[in-house]
>>> print(open('start.txt').read())   # compact mmCIF, N, CA and C atoms
# COMPACT_ATOMS: atom_id res chain seq x y z
N ASN A 997 67.59 81.49 66.84
CA ASN A 997 67.74 80.98 68.19
C ASN A 997 69.18 80.69 68.55
N HIS A 998 70.02 80.43 67.57
CA HIS A 998 71.39 80.03 67.86
C HIS A 998 72.40 80.98 67.25
N GLY A 999 71.98 82.22 67.02
CA GLY A 999 72.89 83.21 66.48
C GLY A 999 73.94 83.59 67.50
N THR A 1000 74.82 84.45 67.09
CA THR A 1000 75.94 84.79 67.97
C THR A 1000 75.87 86.20 68.53
N THR A 1001 74.78 86.90 68.28
CA THR A 1001 74.66 88.22 68.88
C THR A 1001 74.51 88.07 70.39
N LEU A 1002 74.98 89.02 71.12
CA LEU A 1002 74.95 88.94 72.58
C LEU A 1002 73.86 89.80 73.19
N ASN A 1003 73.25 90.66 72.41
CA ASN A 1003 72.07 91.40 72.88
C ASN A 1003 71.25 91.84 71.68
N GLU A 1004 70.04 92.33 71.94
CA GLU A 1004 69.14 92.65 70.83
C GLU A 1004 69.34 94.06 70.29
N ASN A 1005 70.09 94.91 70.96
CA ASN A 1005 70.29 96.29 70.52
C ASN A 1005 71.38 96.39 69.47
N LEU A 1006 71.16 97.29 68.52
CA LEU A 1006 72.16 97.57 67.50
C LEU A 1006 72.52 99.04 67.53
N GLY A 1007 73.82 99.34 67.62
CA GLY A 1007 74.26 100.72 67.51
C GLY A 1007 74.15 101.16 66.06
N ARG A 1008 73.61 102.32 65.84
CA ARG A 1008 73.41 102.78 64.47
C ARG A 1008 74.20 104.06 64.16
N SER A 1009 74.77 104.64 65.19
CA SER A 1009 75.56 105.84 65.01
C SER A 1009 76.65 105.82 66.06
N PHE A 1010 77.69 106.60 65.85
CA PHE A 1010 78.79 106.61 66.80
C PHE A 1010 79.38 108.01 66.87
N TYR A 1011 80.00 108.27 67.99
CA TYR A 1011 80.54 109.60 68.25
C TYR A 1011 81.69 109.45 69.22
N GLU A 1012 82.77 110.13 68.95
CA GLU A 1012 83.93 110.08 69.83
C GLU A 1012 83.98 111.37 70.64
N ALA A 1013 83.75 111.24 71.92
CA ALA A 1013 83.72 112.41 72.80
C ALA A 1013 85.12 113.01 72.98
N PHE A 1014 85.16 114.28 73.20
CA PHE A 1014 86.39 115.03 73.51
C PHE A 1014 87.45 114.92 72.41
N SER A 1015 87.02 114.75 71.18
CA SER A 1015 87.98 114.61 70.09
C SER A 1015 88.08 115.88 69.25
N GLY A 1016 87.26 116.84 69.54
CA GLY A 1016 87.29 118.08 68.78
C GLY A 1016 86.39 117.99 67.56
N ASN A 1017 85.46 118.88 67.45
CA ASN A 1017 84.54 118.97 66.32
C ASN A 1017 83.72 117.68 66.13
N GLY A 1018 83.48 116.93 67.16
CA GLY A 1018 82.65 115.73 67.04
C GLY A 1018 83.25 114.69 66.12
N SER A 1019 84.52 114.53 66.17
CA SER A 1019 85.23 113.61 65.27
C SER A 1019 84.73 112.18 65.40
N ARG A 1020 84.67 111.49 64.27
CA ARG A 1020 84.34 110.08 64.25
C ARG A 1020 85.47 109.30 63.59
N ASP A 1021 86.61 109.93 63.40
CA ASP A 1021 87.68 109.34 62.61
C ASP A 1021 88.19 108.01 63.15
N ASP A 1022 88.54 107.94 64.43
CA ASP A 1022 89.10 106.70 64.97
C ASP A 1022 88.09 105.56 64.91
N ILE A 1023 86.85 105.84 65.27
CA ILE A 1023 85.82 104.81 65.23
C ILE A 1023 85.58 104.38 63.79
N TYR A 1024 85.44 105.34 62.90
CA TYR A 1024 85.19 105.02 61.49
C TYR A 1024 86.34 104.21 60.90
N LYS A 1025 87.58 104.60 61.20
CA LYS A 1025 88.74 103.86 60.71
C LYS A 1025 88.74 102.43 61.22
N ALA A 1026 88.40 102.24 62.49
CA ALA A 1026 88.36 100.89 63.06
C ALA A 1026 87.28 100.05 62.37
N LEU A 1027 86.11 100.63 62.16
CA LEU A 1027 85.02 99.89 61.51
C LEU A 1027 85.36 99.55 60.06
N THR A 1028 85.83 100.52 59.30
CA THR A 1028 86.14 100.24 57.89
C THR A 1028 87.32 99.29 57.77
N GLY A 1029 88.33 99.45 58.61
CA GLY A 1029 89.48 98.53 58.57
C GLY A 1029 89.08 97.10 58.89
N THR A 1030 88.18 96.96 59.85
CA THR A 1030 87.70 95.62 60.22
C THR A 1030 86.91 95.00 59.07
N ILE A 1031 86.07 95.78 58.42
CA ILE A 1031 85.27 95.27 57.31
C ILE A 1031 86.16 94.91 56.12
N LYS A 1032 87.14 95.73 55.82
CA LYS A 1032 88.06 95.42 54.73
C LYS A 1032 88.82 94.13 55.02
N THR A 1033 89.26 93.96 56.26
CA THR A 1033 89.96 92.74 56.65
C THR A 1033 89.04 91.53 56.52
N LEU A 1034 87.81 91.67 56.96
CA LEU A 1034 86.82 90.60 56.84
C LEU A 1034 86.63 90.19 55.38
N GLU A 1035 86.44 91.16 54.51
CA GLU A 1035 86.22 90.86 53.10
C GLU A 1035 87.44 90.18 52.48
N HIS A 1036 88.63 90.61 52.86
CA HIS A 1036 89.84 89.97 52.36
C HIS A 1036 89.92 88.51 52.85
N LEU A 1037 89.59 88.29 54.11
CA LEU A 1037 89.59 86.94 54.67
C LEU A 1037 88.60 86.05 53.94
N ILE A 1038 87.41 86.55 53.68
CA ILE A 1038 86.40 85.77 52.97
C ILE A 1038 86.90 85.41 51.57
N GLU A 1039 87.49 86.38 50.89
CA GLU A 1039 88.05 86.12 49.56
C GLU A 1039 89.13 85.05 49.59
N ASP A 1040 90.04 85.15 50.55
CA ASP A 1040 91.16 84.22 50.66
C ASP A 1040 90.74 82.82 51.08
N CYS A 1041 89.70 82.70 51.87
CA CYS A 1041 89.33 81.41 52.44
C CYS A 1041 88.24 80.69 51.67
N SER A 1042 87.71 81.30 50.64
CA SER A 1042 86.65 80.61 49.90
C SER A 1042 87.25 79.42 49.19
N HIS A 1043 86.50 78.34 49.13
CA HIS A 1043 87.00 77.12 48.53
C HIS A 1043 86.56 77.02 47.08
N ASP A 1044 87.33 76.32 46.30
CA ASP A 1044 87.01 76.07 44.90
C ASP A 1044 86.23 74.76 44.85
N GLU A 1045 84.93 74.84 44.56
CA GLU A 1045 84.08 73.66 44.62
C GLU A 1045 84.51 72.57 43.65
N GLU A 1046 85.07 72.93 42.52
CA GLU A 1046 85.49 71.92 41.55
C GLU A 1046 86.69 71.13 42.05
N LYS A 1047 87.59 71.75 42.81
CA LYS A 1047 88.80 71.10 43.28
C LYS A 1047 88.64 70.54 44.70
N SER A 1048 87.56 70.90 45.37
CA SER A 1048 87.40 70.52 46.77
C SER A 1048 86.90 69.09 46.91
N GLU A 1049 87.05 68.59 48.13
CA GLU A 1049 86.48 67.29 48.45
C GLU A 1049 84.97 67.39 48.31
N GLU A 1050 84.31 66.26 48.10
CA GLU A 1050 82.88 66.31 47.83
C GLU A 1050 82.05 66.90 48.97
N TYR A 1051 82.50 66.80 50.20
CA TYR A 1051 81.73 67.34 51.31
C TYR A 1051 82.05 68.81 51.60
N SER A 1052 83.03 69.38 50.93
CA SER A 1052 83.44 70.74 51.26
C SER A 1052 82.37 71.78 50.96
N SER A 1053 81.44 71.47 50.08
CA SER A 1053 80.38 72.44 49.80
C SER A 1053 79.43 72.53 50.99
N ARG A 1054 79.59 71.67 51.99
CA ARG A 1054 78.76 71.69 53.18
C ARG A 1054 79.46 72.41 54.33
N TYR A 1055 80.62 72.98 54.10
CA TYR A 1055 81.29 73.74 55.16
C TYR A 1055 80.44 74.94 55.54
N LEU A 1056 80.52 75.29 56.80
CA LEU A 1056 79.84 76.48 57.29
C LEU A 1056 80.91 77.46 57.73
N TYR A 1057 80.97 78.58 57.06
CA TYR A 1057 81.92 79.62 57.43
C TYR A 1057 81.16 80.68 58.22
N LEU A 1058 81.71 81.05 59.34
CA LEU A 1058 81.08 82.05 60.18
C LEU A 1058 82.13 83.10 60.52
N TYR A 1059 81.90 84.30 60.07
CA TYR A 1059 82.83 85.40 60.32
C TYR A 1059 82.12 86.43 61.17
N GLU A 1060 82.79 86.90 62.20
CA GLU A 1060 82.21 87.92 63.06
C GLU A 1060 83.23 89.02 63.29
N PRO A 1061 83.10 90.11 62.55
CA PRO A 1061 84.05 91.21 62.74
C PRO A 1061 83.94 91.77 64.15
N THR A 1062 85.10 91.89 64.80
CA THR A 1062 85.14 92.29 66.20
C THR A 1062 86.22 93.34 66.41
N ILE A 1063 85.92 94.32 67.23
CA ILE A 1063 86.87 95.37 67.58
C ILE A 1063 87.01 95.39 69.09
N LEU A 1064 88.25 95.42 69.56
CA LEU A 1064 88.53 95.57 70.99
C LEU A 1064 88.82 97.03 71.28
N VAL A 1065 88.23 97.54 72.34
CA VAL A 1065 88.40 98.94 72.72
C VAL A 1065 89.07 99.00 74.09
N LYS A 1066 90.09 99.81 74.18
CA LYS A 1066 90.72 100.06 75.47
C LYS A 1066 90.26 101.45 75.90
N GLY A 1067 89.32 101.47 76.82
CA GLY A 1067 88.74 102.74 77.25
C GLY A 1067 87.26 102.56 77.52
N SER A 1068 86.61 103.64 77.83
CA SER A 1068 85.19 103.59 78.18
C SER A 1068 84.32 103.70 76.94
N MET A 1069 83.20 102.98 76.98
CA MET A 1069 82.19 103.08 75.93
C MET A 1069 80.85 103.35 76.59
N TYR A 1070 80.03 104.11 75.90
CA TYR A 1070 78.71 104.44 76.40
C TYR A 1070 77.69 104.24 75.30
N VAL A 1071 76.48 103.92 75.70
CA VAL A 1071 75.36 103.84 74.77
C VAL A 1071 74.35 104.89 75.17
N ALA A 1072 73.72 105.45 74.15
CA ALA A 1072 72.64 106.40 74.38
C ALA A 1072 71.37 105.79 73.80
N LYS A 1073 70.33 105.76 74.61
CA LYS A 1073 69.05 105.19 74.20
C LYS A 1073 67.95 106.20 74.46
N ILE A 1074 66.93 106.15 73.63
CA ILE A 1074 65.75 106.98 73.86
C ILE A 1074 64.71 106.11 74.53
N GLU A 1075 64.28 106.56 75.69
CA GLU A 1075 63.27 105.82 76.45
C GLU A 1075 62.28 106.82 77.02
N ASN A 1076 61.02 106.66 76.66
CA ASN A 1076 59.97 107.58 77.12
C ASN A 1076 60.33 109.03 76.82
N GLU A 1077 60.80 109.26 75.62
CA GLU A 1077 61.18 110.59 75.13
C GLU A 1077 62.36 111.22 75.87
N ASN A 1078 63.08 110.44 76.64
CA ASN A 1078 64.28 110.91 77.33
C ASN A 1078 65.50 110.17 76.79
N ILE A 1079 66.63 110.82 76.79
CA ILE A 1079 67.87 110.16 76.37
C ILE A 1079 68.57 109.62 77.61
N LEU A 1080 68.80 108.32 77.60
CA LEU A 1080 69.52 107.66 78.69
C LEU A 1080 70.93 107.33 78.21
N ILE A 1081 71.92 107.65 79.01
CA ILE A 1081 73.31 107.34 78.66
C ILE A 1081 73.84 106.39 79.72
N GLU A 1082 74.36 105.23 79.26
CA GLU A 1082 74.86 104.21 80.17
C GLU A 1082 76.22 103.71 79.69
N GLU A 1083 77.10 103.41 80.64
CA GLU A 1083 78.38 102.80 80.27
C GLU A 1083 78.13 101.36 79.89
N THR A 1084 78.90 100.85 78.94
CA THR A 1084 78.74 99.48 78.48
C THR A 1084 80.09 98.86 78.18
N ASP A 1085 80.13 97.54 78.18
CA ASP A 1085 81.34 96.80 77.80
C ASP A 1085 81.22 96.19 76.41
N TYR A 1086 80.00 96.24 75.84
CA TYR A 1086 79.76 95.56 74.57
C TYR A 1086 78.68 96.29 73.80
N VAL A 1087 78.89 96.43 72.51
CA VAL A 1087 77.86 96.98 71.64
C VAL A 1087 78.01 96.34 70.27
N GLN A 1088 76.89 96.11 69.63
CA GLN A 1088 76.87 95.64 68.24
C GLN A 1088 76.58 96.87 67.39
N VAL A 1089 77.37 97.06 66.36
CA VAL A 1089 77.18 98.23 65.51
C VAL A 1089 76.72 97.76 64.14
N ALA A 1090 75.59 98.31 63.70
CA ALA A 1090 75.12 98.08 62.33
C ALA A 1090 75.89 99.07 61.47
N PHE A 1091 76.73 98.54 60.60
CA PHE A 1091 77.62 99.40 59.82
C PHE A 1091 77.41 99.13 58.33
N ASN A 1092 77.04 100.17 57.61
CA ASN A 1092 76.85 100.05 56.17
C ASN A 1092 78.10 100.58 55.47
N TYR A 1093 78.73 99.70 54.71
CA TYR A 1093 79.95 100.09 54.01
C TYR A 1093 79.75 99.85 52.53
N LEU A 1094 79.63 100.92 51.79
CA LEU A 1094 79.41 100.83 50.36
C LEU A 1094 80.73 100.88 49.63
N SER A 1095 80.98 99.86 48.84
CA SER A 1095 82.20 99.82 48.05
C SER A 1095 81.95 98.98 46.81
N PRO A 1096 82.43 99.41 45.67
CA PRO A 1096 82.27 98.58 44.47
C PRO A 1096 83.08 97.28 44.56
N ASN A 1097 84.01 97.21 45.51
CA ASN A 1097 84.84 96.02 45.67
C ASN A 1097 84.16 94.90 46.44
N TYR A 1098 83.08 95.19 47.15
CA TYR A 1098 82.44 94.21 48.02
C TYR A 1098 80.98 94.04 47.64
N LYS A 1099 80.52 92.81 47.63
CA LYS A 1099 79.12 92.52 47.31
C LYS A 1099 78.21 92.91 48.47
N LYS A 1100 78.64 92.59 49.65
CA LYS A 1100 77.83 92.86 50.84
C LYS A 1100 78.03 94.32 51.26
N LYS A 1101 77.02 94.90 51.85
CA LYS A 1101 77.18 96.28 52.31
C LYS A 1101 76.73 96.48 53.75
N ASP A 1102 75.93 95.56 54.29
CA ASP A 1102 75.44 95.69 55.66
C ASP A 1102 76.18 94.71 56.56
N TYR A 1103 76.79 95.22 57.60
CA TYR A 1103 77.59 94.40 58.50
C TYR A 1103 77.17 94.65 59.94
N ILE A 1104 77.36 93.63 60.77
CA ILE A 1104 77.22 93.78 62.21
C ILE A 1104 78.62 93.60 62.78
N VAL A 1105 79.11 94.60 63.48
CA VAL A 1105 80.45 94.55 64.07
C VAL A 1105 80.29 94.52 65.58
N HIS A 1106 80.97 93.57 66.21
CA HIS A 1106 80.96 93.48 67.67
C HIS A 1106 82.08 94.37 68.20
N VAL A 1107 81.75 95.26 69.13
CA VAL A 1107 82.74 96.15 69.74
C VAL A 1107 82.71 95.87 71.23
N ILE A 1108 83.86 95.42 71.77
CA ILE A 1108 83.89 95.05 73.19
C ILE A 1108 85.07 95.70 73.89
N ASN A 1109 84.90 95.89 75.18
CA ASN A 1109 85.99 96.37 76.02
C ASN A 1109 87.02 95.25 76.13
N HIS A 1110 88.28 95.57 75.94
CA HIS A 1110 89.33 94.54 75.91
C HIS A 1110 89.39 93.73 77.20
N GLU A 1111 88.98 94.31 78.32
CA GLU A 1111 89.00 93.58 79.59
C GLU A 1111 87.95 92.48 79.64
N LYS A 1112 86.95 92.56 78.78
CA LYS A 1112 85.86 91.59 78.77
C LYS A 1112 86.08 90.50 77.70
N LEU A 1113 87.24 90.48 77.09
CA LEU A 1113 87.51 89.49 76.04
C LEU A 1113 87.32 88.04 76.51
N PRO A 1114 87.81 87.63 77.69
CA PRO A 1114 87.58 86.24 78.12
C PRO A 1114 86.09 85.88 78.22
N GLN A 1115 85.26 86.77 78.76
CA GLN A 1115 83.84 86.50 78.86
C GLN A 1115 83.19 86.46 77.48
N TYR A 1116 83.63 87.34 76.61
CA TYR A 1116 83.11 87.38 75.24
C TYR A 1116 83.41 86.07 74.52
N ILE A 1117 84.63 85.59 74.63
CA ILE A 1117 85.01 84.33 73.98
C ILE A 1117 84.21 83.18 74.57
N SER A 1118 84.06 83.17 75.87
CA SER A 1118 83.28 82.11 76.53
C SER A 1118 81.84 82.10 76.04
N SER A 1119 81.24 83.27 75.92
CA SER A 1119 79.87 83.36 75.44
C SER A 1119 79.77 82.88 74.00
N LYS A 1120 80.71 83.28 73.17
CA LYS A 1120 80.72 82.85 71.78
C LYS A 1120 80.88 81.34 71.68
N GLU A 1121 81.78 80.80 72.49
CA GLU A 1121 82.02 79.36 72.48
C GLU A 1121 80.74 78.60 72.84
N SER A 1122 80.03 79.06 73.84
CA SER A 1122 78.78 78.42 74.25
C SER A 1122 77.76 78.44 73.12
N LYS A 1123 77.64 79.57 72.47
CA LYS A 1123 76.69 79.69 71.35
C LYS A 1123 77.10 78.81 70.18
N MET A 1124 78.39 78.71 69.92
CA MET A 1124 78.85 77.85 68.82
C MET A 1124 78.58 76.37 69.12
N LYS A 1125 78.75 75.98 70.37
CA LYS A 1125 78.46 74.59 70.76
C LYS A 1125 76.97 74.28 70.58
N LEU A 1126 76.11 75.23 70.94
CA LEU A 1126 74.67 75.04 70.73
C LEU A 1126 74.34 74.92 69.25
N LEU A 1127 74.96 75.78 68.46
CA LEU A 1127 74.75 75.74 67.02
C LEU A 1127 75.23 74.41 66.45
N TYR A 1128 76.41 73.97 66.89
CA TYR A 1128 76.95 72.70 66.41
C TYR A 1128 76.04 71.54 66.80
N LYS A 1129 75.51 71.59 68.01
CA LYS A 1129 74.62 70.54 68.47
C LYS A 1129 73.39 70.45 67.57
N LYS A 1130 72.79 71.59 67.26
CA LYS A 1130 71.60 71.60 66.39
C LYS A 1130 71.94 71.09 64.99
N LEU A 1131 73.07 71.53 64.45
CA LEU A 1131 73.47 71.06 63.12
C LEU A 1131 73.78 69.57 63.14
N SER A 1132 74.40 69.09 64.21
CA SER A 1132 74.71 67.66 64.34
C SER A 1132 73.43 66.84 64.37
N GLU A 1133 72.43 67.33 65.08
CA GLU A 1133 71.15 66.62 65.13
C GLU A 1133 70.55 66.53 63.73
N LEU A 1134 70.63 67.61 62.97
CA LEU A 1134 70.10 67.61 61.60
C LEU A 1134 70.85 66.61 60.71
N GLU A 1135 72.15 66.48 60.93
CA GLU A 1135 72.99 65.61 60.11
C GLU A 1135 73.09 64.18 60.65
N GLY A 1136 72.56 63.97 61.86
CA GLY A 1136 72.63 62.63 62.45
C GLY A 1136 74.01 62.25 62.95
N ILE A 1137 74.77 63.23 63.42
CA ILE A 1137 76.13 62.99 63.93
C ILE A 1137 76.05 62.86 65.44
N SER A 1138 76.70 61.85 65.98
CA SER A 1138 76.74 61.67 67.43
C SER A 1138 77.73 62.63 68.05
N LEU A 1139 77.32 63.32 69.10
CA LEU A 1139 78.22 64.27 69.76
C LEU A 1139 79.34 63.58 70.50
N GLU A 1140 79.21 62.29 70.81
CA GLU A 1140 80.30 61.57 71.48
C GLU A 1140 81.55 61.48 70.58
N GLU A 1141 81.34 61.60 69.28
CA GLU A 1141 82.44 61.50 68.32
C GLU A 1141 83.23 62.79 68.22
N VAL A 1142 82.74 63.87 68.83
CA VAL A 1142 83.31 65.20 68.63
C VAL A 1142 84.11 65.65 69.85
N ASP A 1143 85.30 66.18 69.58
CA ASP A 1143 86.13 66.76 70.64
C ASP A 1143 86.07 68.28 70.49
N PHE A 1144 85.51 68.96 71.47
CA PHE A 1144 85.37 70.41 71.40
C PHE A 1144 86.64 71.14 71.81
N ALA A 1145 87.68 70.44 72.17
CA ALA A 1145 88.90 71.09 72.67
C ALA A 1145 89.58 71.92 71.62
>>> encode(input="start.txt", output="structure tokens")
Amino acid sequence: NHGTTLNENLGRSFYEAFSGNGSRDDIYKALTGTIKTLEHLIEDCSHDEEKSEEYSSRYLYLYEPTILVKGSMYVAKIENENILIEETDYVQVAFNYLSPNYKKKDYIVHVINHEKLPQYISSKESKMKLLYKKLSELEGISLEEVDFA
């Protein structure tokens, strides 16, 4: 109920139009580069429970790999045995990245049009506040004590 996805659809394949031979190179490079960066960030930011403060094991880390696109994006959907193609500003991509270096292999990457970044951030902020409110209720923390700025 309080996740950060912005719609229920997941992109499962990608294609770069007018790139010659159906190239997927730029999209694939962006997705793999984002996932590698995410994994590096997770490695660097993990806390050492033995050296941490006693409450640090209760930290909630939330990482959302995101790619900004300058240009047009389209989604293709099958509806009633017909293919519908629509322009979009946002898509979630289910991306499987197999590597012996990473434990996780299934990722959701948010891909948004760069012009929609302010709305995207606003939406994420709203969802995070809802999530924080629910977690605060579970922990018995008064929201008056919290500054969201």
>>> residues_around(input="start.txt", residues="range 1082-1086 of chain A", least_positions_apart="2", cutoff="7 Å", atoms="only N, CA and C atoms", output="list of chain:residue names")
A:Ser1068, A:Met1069, A:Tyr1070, A:Val1071, A:Ala1072, A:Lys1073, A:Leu1080, A:Gln1088, A:His1106, A:Val1107, A:Ile1108, A:Asn1109, A:Lys1112
>>> atom_distance(input="start.txt", atom1="CA of Cys1041 in chain A", atom2="atom C of Ile1023 in chain A")
25.9 Å
>>> atom_distance(input="start.txt", atom1="atom N of Lys1025 in chain A", atom2="atom N of Asp1102 in chain A")
16.3 Å
>>> atom_distance(input="start.txt", atom1="atom C of Leu1058 in chain A", atom2="CA of Glu1039 in chain A")
12.8 Å
